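First comes the structure, then the notes that go with it.
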Amino acid sequence: MKKYRRLCALLIISMIILCVLHYSGDLQFLYKAFFIPKHWISSDTDVDGKTHSVSLGSFDPGSYLQPPSISDQKDPFLNHAFNVLKSNDIPFDRPLPDSRNKRCKARPFTDLPATSVIIAYYNEARSTLLRTVVSVLRRTPPELIKEILLIDDFSDDAEVGRLLPEIPKVQVYRNKKREGLIRSRVRGAGLAESEVLTFLDSHCEVNVGWLEPLLYRIAESPKAVVCPILDVINTSTFDYIVAPQTPVVVGGFDWGLNFKWEPPPQSMVFRPEDPRKTAVMAGGVFSISRSWFNKLGKYDTGMDIWGGENFELSFKVWMCGGQVEIVPCSRVGHVFRKRHPYEFPDGDTNTVIRNSRRVAEVWMDEYKKYFYKKKPSARMKPFGRISNRKKLRNQLQCRSFAWYINNVYPALKPPVSDEVMYGRLKQGDLCLDVDTGHVPIITILRPCDTDRASQEWSWKKRGDITNNGLCLTANPETTHSYILAKFCSQDESQIWMERKSQIVHNLTGQCVDARKPDIGLVLAECDPNNTQQKWILPVKNHLHSRDL
Ligand code: UD2
Ligand code: MN
């Protein structure tokens, strides 16, 4: 009996010791040393010149990285739009040339917040994905990285992510269906526990001291959304090509919402270590305070697969009181590809146009007409509901897109246009609209509705009032004093003048009158006292004459 009691006590004590070892972070190394075979690698030099050991836990890179598939051997660019054979040949923990300006090295950073790294991936190559993760662990002081959250966007091969959580700090979440990078990142952000979120693409390599200047800037200015300079990893050779230090390029775009790199405005003088304002971010690699990201409504989860989310986030950051910046002391390499290596369920053009249209409709106010001018087919593409995103913008009390253009991106000039006015032609809460249920199409008054594009009229210098290729038309002989919407023809019947809030028909000298709101708008003798002839017109366009 005594013997039995002693055995029990021994068992309990050893279980307690095991539990302590298991749950105590400090002693975990002892526990793991005994129970799990471990792989260790050495870190690169941190920003302060020190190194640390990086544990890969029980993860074995050798068995993770697999021989190339037959199709990869036949054409190494086929599946990933980069040379996957070359990538597989390069060590997963390779050294990189330190691409920072010398002045970046001397800067001490203390009291930085920690970050969660979020990487969404879809059918990424194992070698690039692993190099992305390992580069983060090797080039970041451990206390600054809380976790690395990988969101597998329902890749064909679920195994790619299955072994990675053996690496300490790495967690993998697999979507139940393909969601696209936007909803995948939002999922990652929802799981993240740190104060700061840092997003990376799944084929990056972070360089020495990449994170500290980003976190430093956010600690200093919590509404700053900060991007590193992106160095180029060559798609064929996987050479790491250091982006030139001068000029540092910043993000810009054209009215079709196509992103481009540009030199910063010439008037700006910078020290090499100063953050630079950028009108938009490239999209994939940046840090943002988690609470700021949440307050801004994260990303628009109505957007699919790829594209447009960088505009949505950049516009709202600027318009709602923050700023988007490039921090030149932070450097991250990225494999820039020439084509999408994956399919888009709805086609890439359709998807990007749909996403861009959501951005234009929610954020670009009257400037969205320039987007449609550049992408006429966008008008025909359904883009889902946007009322919640508009509500969000109202709640946040964000500034106008005109403010954004004038203050953040004055280099983007409106296209030359012969437009004098653009917007709604109103009587009280009613707006001039078309009734397409009739042939010919009649014009009517309808309750104003910002979602109805048919209420947005462009009044040209010559006098035509047009919407979507149709012009207000009245001809006493053919339209019987009704005002119709007909294809624009440059005809006299389509010329209108403004006179003291009245819309006067040039041919007849009569006025647009809403006396029969149910039947349609008509021409009638002008009467300055008739309220049914009085219109609230949009402000005159001061932009159309600006030089380009
Ligand atoms: C750029 C951005 C990218 C994103 C995109 C616009 C950089 C370096 N890259 O395109 O981050 O902002 O512009 O949307 O600024 N992915 C998924 N699910 C998908 C498709 C992609 O998870 O359905 C992942 C993909 O594995 C990658 C990331 O999203 O990690 C970005 O995709 P990409 O590398 O094809 O985009 P990129 O670099 O051409
Ligand atoms: Mn990418």
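We label chains A, B, ... in the order they appear in the structure tokens, count residues from 1 in each chain, and number ligands from 1 in the order shown.
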Query - 8 Å contact set for region 162-174 of chain A, only C-alpha atoms, chain neighbours under 4 positions out, as a PyMOL selection string - result: chain A and resi 55-59+64+146-154+158
If you run DSSP on this backbone, which residues of region 208-443 of chain A come out as helix (DSSP H, G or I), and could you give them as a short mmCIF file (atom, residue, chain, number, x, y, z; two decimals) with N, CA, C and O atoms, in the first residue's frame?
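The result, written out as out_23.cif:
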data_model
loop_
_atom_site.label_atom_id
_atom_site.label_comp_id
_atom_site.auth_asym_id
_atom_site.auth_seq_id
_atom_site.Cartn_x
_atom_site.Cartn_y
_atom_site.Cartn_z
N GLU A 212 11.40 47.92 -38.10
CA GLU A 212 11.53 48.95 -37.06
C GLU A 212 11.09 50.33 -37.54
O GLU A 212 10.30 51.00 -36.86
N PRO A 213 11.55 50.80 -38.71
CA PRO A 213 11.12 52.15 -39.12
C PRO A 213 9.63 52.25 -39.41
O PRO A 213 9.04 53.32 -39.23
N LEU A 214 9.02 51.14 -39.82
CA LEU A 214 7.56 51.18 -40.06
C LEU A 214 6.83 51.34 -38.73
O LEU A 214 5.94 52.18 -38.58
N LEU A 215 7.24 50.52 -37.75
CA LEU A 215 6.56 50.56 -36.44
C LEU A 215 6.83 51.90 -35.75
O LEU A 215 5.95 52.46 -35.09
N TYR A 216 8.04 52.40 -35.93
CA TYR A 216 8.41 53.67 -35.30
C TYR A 216 7.48 54.78 -35.81
O TYR A 216 6.97 55.59 -35.04
N ARG A 217 7.25 54.79 -37.09
CA ARG A 217 6.43 55.84 -37.69
C ARG A 217 4.96 55.72 -37.21
O ARG A 217 4.31 56.74 -36.96
N ILE A 218 4.50 54.49 -37.06
CA ILE A 218 3.11 54.33 -36.58
C ILE A 218 3.00 54.75 -35.11
O ILE A 218 2.01 55.37 -34.71
N ALA A 219 4.04 54.43 -34.33
CA ALA A 219 4.01 54.84 -32.92
C ALA A 219 3.99 56.37 -32.83
O ALA A 219 3.31 56.96 -31.99
N GLU A 220 4.70 57.00 -33.75
CA GLU A 220 4.79 58.46 -33.76
C GLU A 220 3.50 59.08 -34.29
O GLU A 220 3.04 60.11 -33.81
N ARG A 290 -3.90 48.53 -35.95
CA ARG A 290 -5.08 47.65 -36.05
C ARG A 290 -6.37 48.42 -35.79
O ARG A 290 -7.36 48.25 -36.47
N SER A 291 -6.33 49.32 -34.77
CA SER A 291 -7.57 50.03 -34.46
C SER A 291 -7.93 51.02 -35.58
O SER A 291 -9.10 51.23 -35.88
N TRP A 292 -6.93 51.58 -36.23
CA TRP A 292 -7.19 52.50 -37.35
C TRP A 292 -7.79 51.72 -38.53
O TRP A 292 -8.74 52.15 -39.16
N PHE A 293 -7.24 50.54 -38.80
CA PHE A 293 -7.75 49.69 -39.88
C PHE A 293 -9.21 49.32 -39.60
O PHE A 293 -10.06 49.39 -40.49
N ASN A 294 -9.50 48.97 -38.34
CA ASN A 294 -10.87 48.59 -37.99
C ASN A 294 -11.80 49.78 -38.09
O ASN A 294 -12.91 49.69 -38.59
N LYS A 295 -11.33 50.91 -37.59
CA LYS A 295 -12.17 52.11 -37.62
C LYS A 295 -12.53 52.48 -39.07
O LYS A 295 -13.64 52.92 -39.36
N GLU A 309 -8.30 47.26 -54.07
CA GLU A 309 -8.33 47.45 -52.61
C GLU A 309 -7.28 48.46 -52.16
O GLU A 309 -7.48 49.14 -51.15
N ASN A 310 -6.19 48.59 -52.91
CA ASN A 310 -5.17 49.57 -52.54
C ASN A 310 -5.70 50.99 -52.72
O ASN A 310 -5.37 51.88 -51.93
N PHE A 311 -6.57 51.20 -53.72
CA PHE A 311 -7.17 52.53 -53.88
C PHE A 311 -8.19 52.79 -52.78
O PHE A 311 -8.22 53.87 -52.20
N GLU A 312 -9.00 51.79 -52.52
CA GLU A 312 -10.04 51.97 -51.50
C GLU A 312 -9.39 52.37 -50.18
O GLU A 312 -9.77 53.36 -49.55
N LEU A 313 -8.36 51.62 -49.79
CA LEU A 313 -7.75 51.91 -48.49
C LEU A 313 -7.02 53.26 -48.53
O LEU A 313 -7.15 54.08 -47.62
N SER A 314 -6.29 53.53 -49.62
CA SER A 314 -5.53 54.79 -49.68
C SER A 314 -6.45 56.00 -49.67
O SER A 314 -6.22 56.97 -48.95
N PHE A 315 -7.52 55.94 -50.49
CA PHE A 315 -8.43 57.09 -50.54
C PHE A 315 -9.02 57.35 -49.16
O PHE A 315 -9.07 58.47 -48.68
N LYS A 316 -9.47 56.27 -48.50
CA LYS A 316 -10.16 56.53 -47.24
C LYS A 316 -9.18 56.94 -46.15
O LYS A 316 -9.52 57.74 -45.29
N VAL A 317 -7.96 56.42 -46.20
CA VAL A 317 -6.99 56.86 -45.19
C VAL A 317 -6.79 58.38 -45.32
O VAL A 317 -6.91 59.11 -44.34
N TRP A 318 -6.54 58.85 -46.53
CA TRP A 318 -6.33 60.29 -46.72
C TRP A 318 -7.58 61.09 -46.40
O TRP A 318 -7.53 62.08 -45.66
N MET A 319 -8.72 60.65 -46.96
CA MET A 319 -9.93 61.47 -46.85
C MET A 319 -10.52 61.45 -45.44
O MET A 319 -11.26 62.34 -45.06
N ASP A 348 -10.31 38.29 -65.32
CA ASP A 348 -9.57 39.33 -64.58
C ASP A 348 -10.09 40.74 -64.88
O ASP A 348 -10.26 41.55 -63.98
N THR A 349 -10.42 41.02 -66.16
CA THR A 349 -10.88 42.38 -66.48
C THR A 349 -12.18 42.68 -65.74
O THR A 349 -12.33 43.73 -65.11
N ASN A 350 -13.12 41.75 -65.83
CA ASN A 350 -14.41 41.95 -65.16
C ASN A 350 -14.23 42.20 -63.67
O ASN A 350 -14.86 43.08 -63.09
N THR A 351 -13.37 41.39 -63.05
CA THR A 351 -13.21 41.49 -61.60
C THR A 351 -12.59 42.83 -61.21
O THR A 351 -13.07 43.50 -60.29
N VAL A 352 -11.55 43.21 -61.93
CA VAL A 352 -10.87 44.46 -61.56
C VAL A 352 -11.79 45.65 -61.81
O VAL A 352 -11.86 46.59 -61.01
N ILE A 353 -12.55 45.61 -62.90
CA ILE A 353 -13.48 46.71 -63.19
C ILE A 353 -14.56 46.79 -62.13
O ILE A 353 -14.92 47.87 -61.66
N ARG A 354 -15.06 45.65 -61.73
CA ARG A 354 -16.10 45.64 -60.68
C ARG A 354 -15.55 46.25 -59.40
O ARG A 354 -16.17 47.12 -58.79
N ASN A 355 -14.35 45.82 -59.01
CA ASN A 355 -13.75 46.35 -57.78
C ASN A 355 -13.50 47.86 -57.91
O ASN A 355 -13.79 48.63 -56.99
N SER A 356 -12.95 48.27 -59.06
CA SER A 356 -12.64 49.68 -59.26
C SER A 356 -13.92 50.50 -59.24
O SER A 356 -13.96 51.62 -58.74
N ARG A 357 -14.99 49.93 -59.82
CA ARG A 357 -16.24 50.66 -59.87
C ARG A 357 -16.78 50.91 -58.46
O ARG A 357 -17.33 51.97 -58.17
N ARG A 358 -16.61 49.93 -57.59
CA ARG A 358 -17.03 50.13 -56.19
C ARG A 358 -16.24 51.28 -55.56
O ARG A 358 -16.79 52.09 -54.82
N VAL A 359 -14.95 51.34 -55.87
CA VAL A 359 -14.12 52.44 -55.33
C VAL A 359 -14.63 53.77 -55.86
O VAL A 359 -14.84 54.73 -55.11
N ALA A 360 -14.84 53.82 -57.19
CA ALA A 360 -15.27 55.09 -57.80
C ALA A 360 -16.61 55.53 -57.24
O ALA A 360 -16.80 56.70 -56.90
N GLU A 361 -17.55 54.60 -57.12
CA GLU A 361 -18.90 54.95 -56.66
C GLU A 361 -18.92 55.41 -55.21
O GLU A 361 -19.67 56.29 -54.84
N VAL A 362 -18.09 54.81 -54.38
CA VAL A 362 -18.15 55.16 -52.96
C VAL A 362 -17.28 56.38 -52.65
O VAL A 362 -17.65 57.23 -51.85
N TRP A 363 -16.13 56.50 -53.30
CA TRP A 363 -15.15 57.48 -52.83
C TRP A 363 -14.88 58.66 -53.76
O TRP A 363 -14.35 59.68 -53.33
N ASP A 365 -16.85 60.73 -55.65
CA ASP A 365 -17.84 61.80 -55.86
C ASP A 365 -18.02 62.09 -57.36
O ASP A 365 -18.05 61.19 -58.16
N GLU A 366 -18.08 63.41 -57.70
CA GLU A 366 -18.34 63.75 -59.10
C GLU A 366 -17.17 63.39 -60.01
O GLU A 366 -17.31 63.32 -61.23
N TYR A 367 -16.01 63.10 -59.41
CA TYR A 367 -14.84 62.74 -60.22
C TYR A 367 -14.95 61.35 -60.83
O TYR A 367 -14.15 60.97 -61.67
N LYS A 368 -15.95 60.61 -60.38
CA LYS A 368 -16.10 59.26 -60.94
C LYS A 368 -16.40 59.31 -62.43
O LYS A 368 -16.16 58.35 -63.15
N LYS A 369 -16.92 60.46 -62.89
CA LYS A 369 -17.22 60.55 -64.33
C LYS A 369 -15.94 60.40 -65.16
O LYS A 369 -15.98 59.90 -66.27
N TYR A 370 -14.81 60.80 -64.59
CA TYR A 370 -13.54 60.65 -65.33
C TYR A 370 -13.15 59.18 -65.40
O TYR A 370 -12.56 58.73 -66.37
N PHE A 371 -13.48 58.45 -64.35
CA PHE A 371 -13.23 57.01 -64.37
C PHE A 371 -14.06 56.37 -65.49
O PHE A 371 -13.55 55.59 -66.29
N TYR A 372 -15.35 56.74 -65.54
CA TYR A 372 -16.21 56.13 -66.56
C TYR A 372 -15.79 56.55 -67.96
O TYR A 372 -15.96 55.80 -68.92
N LYS A 373 -15.27 57.77 -68.06
CA LYS A 373 -14.81 58.21 -69.37
C LYS A 373 -13.67 57.32 -69.86
O LYS A 373 -13.58 56.95 -71.02
N LYS A 374 -12.78 56.99 -68.93
CA LYS A 374 -11.62 56.16 -69.26
C LYS A 374 -12.03 54.70 -69.44
O LYS A 374 -11.42 53.97 -70.21
N PRO A 376 -15.36 53.18 -70.28
CA PRO A 376 -16.81 53.27 -70.57
C PRO A 376 -17.55 51.96 -70.29
O PRO A 376 -18.70 51.99 -69.87
N SER A 377 -16.88 50.84 -70.50
CA SER A 377 -17.59 49.57 -70.31
C SER A 377 -17.96 49.34 -68.85
O SER A 377 -18.84 48.53 -68.54
N ALA A 378 -17.30 50.06 -67.94
CA ALA A 378 -17.57 49.86 -66.51
C ALA A 378 -19.02 50.16 -66.17
O ALA A 378 -19.59 49.56 -65.26
N ARG A 379 -19.63 51.08 -66.91
CA ARG A 379 -21.02 51.45 -66.61
C ARG A 379 -21.96 50.27 -66.70
O ARG A 379 -23.02 50.24 -66.08
N MET A 380 -21.61 49.31 -67.51
CA MET A 380 -22.50 48.17 -67.75
C MET A 380 -22.26 47.04 -66.74
O MET A 380 -23.00 46.08 -66.71
N SER A 387 -24.34 50.44 -50.30
CA SER A 387 -24.93 51.37 -49.33
C SER A 387 -24.19 51.34 -47.99
O SER A 387 -24.01 52.39 -47.36
N ASN A 388 -23.73 50.15 -47.57
CA ASN A 388 -23.01 50.10 -46.28
C ASN A 388 -21.68 50.84 -46.34
O ASN A 388 -21.26 51.45 -45.37
N ARG A 389 -21.02 50.78 -47.49
CA ARG A 389 -19.73 51.48 -47.61
C ARG A 389 -19.97 53.00 -47.63
O ARG A 389 -19.18 53.76 -47.09
N LYS A 390 -21.08 53.41 -48.25
CA LYS A 390 -21.39 54.85 -48.25
C LYS A 390 -21.74 55.32 -46.85
O LYS A 390 -21.37 56.42 -46.44
N LYS A 391 -22.46 54.46 -46.13
CA LYS A 391 -22.84 54.79 -44.75
C LYS A 391 -21.58 54.96 -43.91
O LYS A 391 -21.44 55.90 -43.14
N LEU A 392 -20.63 54.04 -44.12
CA LEU A 392 -19.37 54.10 -43.39
C LEU A 392 -18.67 55.45 -43.65
O LEU A 392 -18.21 56.12 -42.74
N ARG A 393 -18.64 55.84 -44.91
CA ARG A 393 -17.99 57.10 -45.26
C ARG A 393 -18.67 58.27 -44.55
O ARG A 393 -18.00 59.17 -44.05
N ASN A 394 -20.01 58.24 -44.51
CA ASN A 394 -20.74 59.29 -43.81
C ASN A 394 -20.43 59.31 -42.33
O ASN A 394 -20.19 60.36 -41.74
N GLN A 395 -20.45 58.10 -41.75
CA GLN A 395 -20.19 58.01 -40.30
C GLN A 395 -18.81 58.54 -39.95
O GLN A 395 -18.62 59.19 -38.93
N LEU A 396 -17.86 58.25 -40.80
CA LEU A 396 -16.48 58.68 -40.51
C LEU A 396 -16.28 60.17 -40.82
O LEU A 396 -15.24 60.74 -40.51
N PHE A 401 -13.64 63.98 -52.36
CA PHE A 401 -12.57 63.59 -53.28
C PHE A 401 -11.92 64.83 -53.89
O PHE A 401 -10.73 64.81 -54.22
N ALA A 402 -12.70 65.92 -54.00
CA ALA A 402 -12.10 67.18 -54.51
C ALA A 402 -10.97 67.61 -53.57
O ALA A 402 -9.91 68.05 -54.01
N TRP A 403 -11.22 67.48 -52.27
CA TRP A 403 -10.17 67.82 -51.30
C TRP A 403 -8.93 66.94 -51.52
O TRP A 403 -7.80 67.42 -51.54
N TYR A 404 -9.19 65.66 -51.73
CA TYR A 404 -8.08 64.72 -51.93
C TYR A 404 -7.26 65.11 -53.16
O TYR A 404 -6.02 65.19 -53.11
N ILE A 405 -7.95 65.38 -54.26
CA ILE A 405 -7.22 65.73 -55.49
C ILE A 405 -6.43 67.03 -55.28
O ILE A 405 -5.26 67.11 -55.62
N ASN A 406 -7.08 68.02 -54.71
CA ASN A 406 -6.40 69.33 -54.56
C ASN A 406 -5.23 69.27 -53.59
O ASN A 406 -4.23 69.94 -53.78
N ASN A 407 -5.37 68.47 -52.53
CA ASN A 407 -4.34 68.50 -51.48
C ASN A 407 -3.35 67.36 -51.54
O ASN A 407 -2.21 67.52 -51.11
#
Query raised in the report: Got a sec: who's within 6 Å of Gly188 (chain A), counting only C-alpha atoms, leaving out chain neighbours fewer than 3 positions off, as a list in words?
Result: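 Those residues are Ile118, Arg185 and Leu191 of chain A.
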Saved selection, atoms kept: N, CA, C and O atoms, as a PDB file, in the first residue's frame:
ATOM      1  N   ILE A 118       0.448  39.375 -41.651  1.00  0.00           N
ATOM      2  CA  ILE A 118      -0.660  38.690 -42.319  1.00  0.00           C
ATOM      3  C   ILE A 118      -0.295  38.450 -43.784  1.00  0.00           C
ATOM      4  O   ILE A 118       0.042  39.390 -44.502  1.00  0.00           O
ATOM      5  N   ARG A 185      -7.379  38.798 -46.454  1.00  0.00           N
ATOM      6  CA  ARG A 185      -6.654  39.689 -45.541  1.00  0.00           C
ATOM      7  C   ARG A 185      -7.551  40.153 -44.399  1.00  0.00           C
ATOM      8  O   ARG A 185      -7.090  40.296 -43.262  1.00  0.00           O
ATOM      9  N   LEU A 191      -8.211  37.938 -36.955  1.00  0.00           N
ATOM     10  CA  LEU A 191      -7.590  36.980 -36.039  1.00  0.00           C
ATOM     11  C   LEU A 191      -6.390  37.584 -35.309  1.00  0.00           C
ATOM     12  O   LEU A 191      -5.945  37.057 -34.286  1.00  0.00           O
TER      13      LEU A 191
END
Query raised in the report: atom 18 (N, counted along the ligand's line) of ligand 1 and CA of Tyr122 (chain A), how far apart in Å?
Result: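 We find that CA of Tyr122 (chain A) and atom 18 (N, counted along the ligand's line) of ligand 1 lie 4.7 Å from each other.
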Report task. Dump the neighbourhood of ligand 1 as an NGL selection string: all residues within 9 Å, distances computed on only C-alpha atoms and all ligand atoms. Result -> :A and (119-124 or 129 or 151-155 or 178-185 or 199-204 or 230 or 259 or 281-286 or 304-311 or 333-344 or 352)
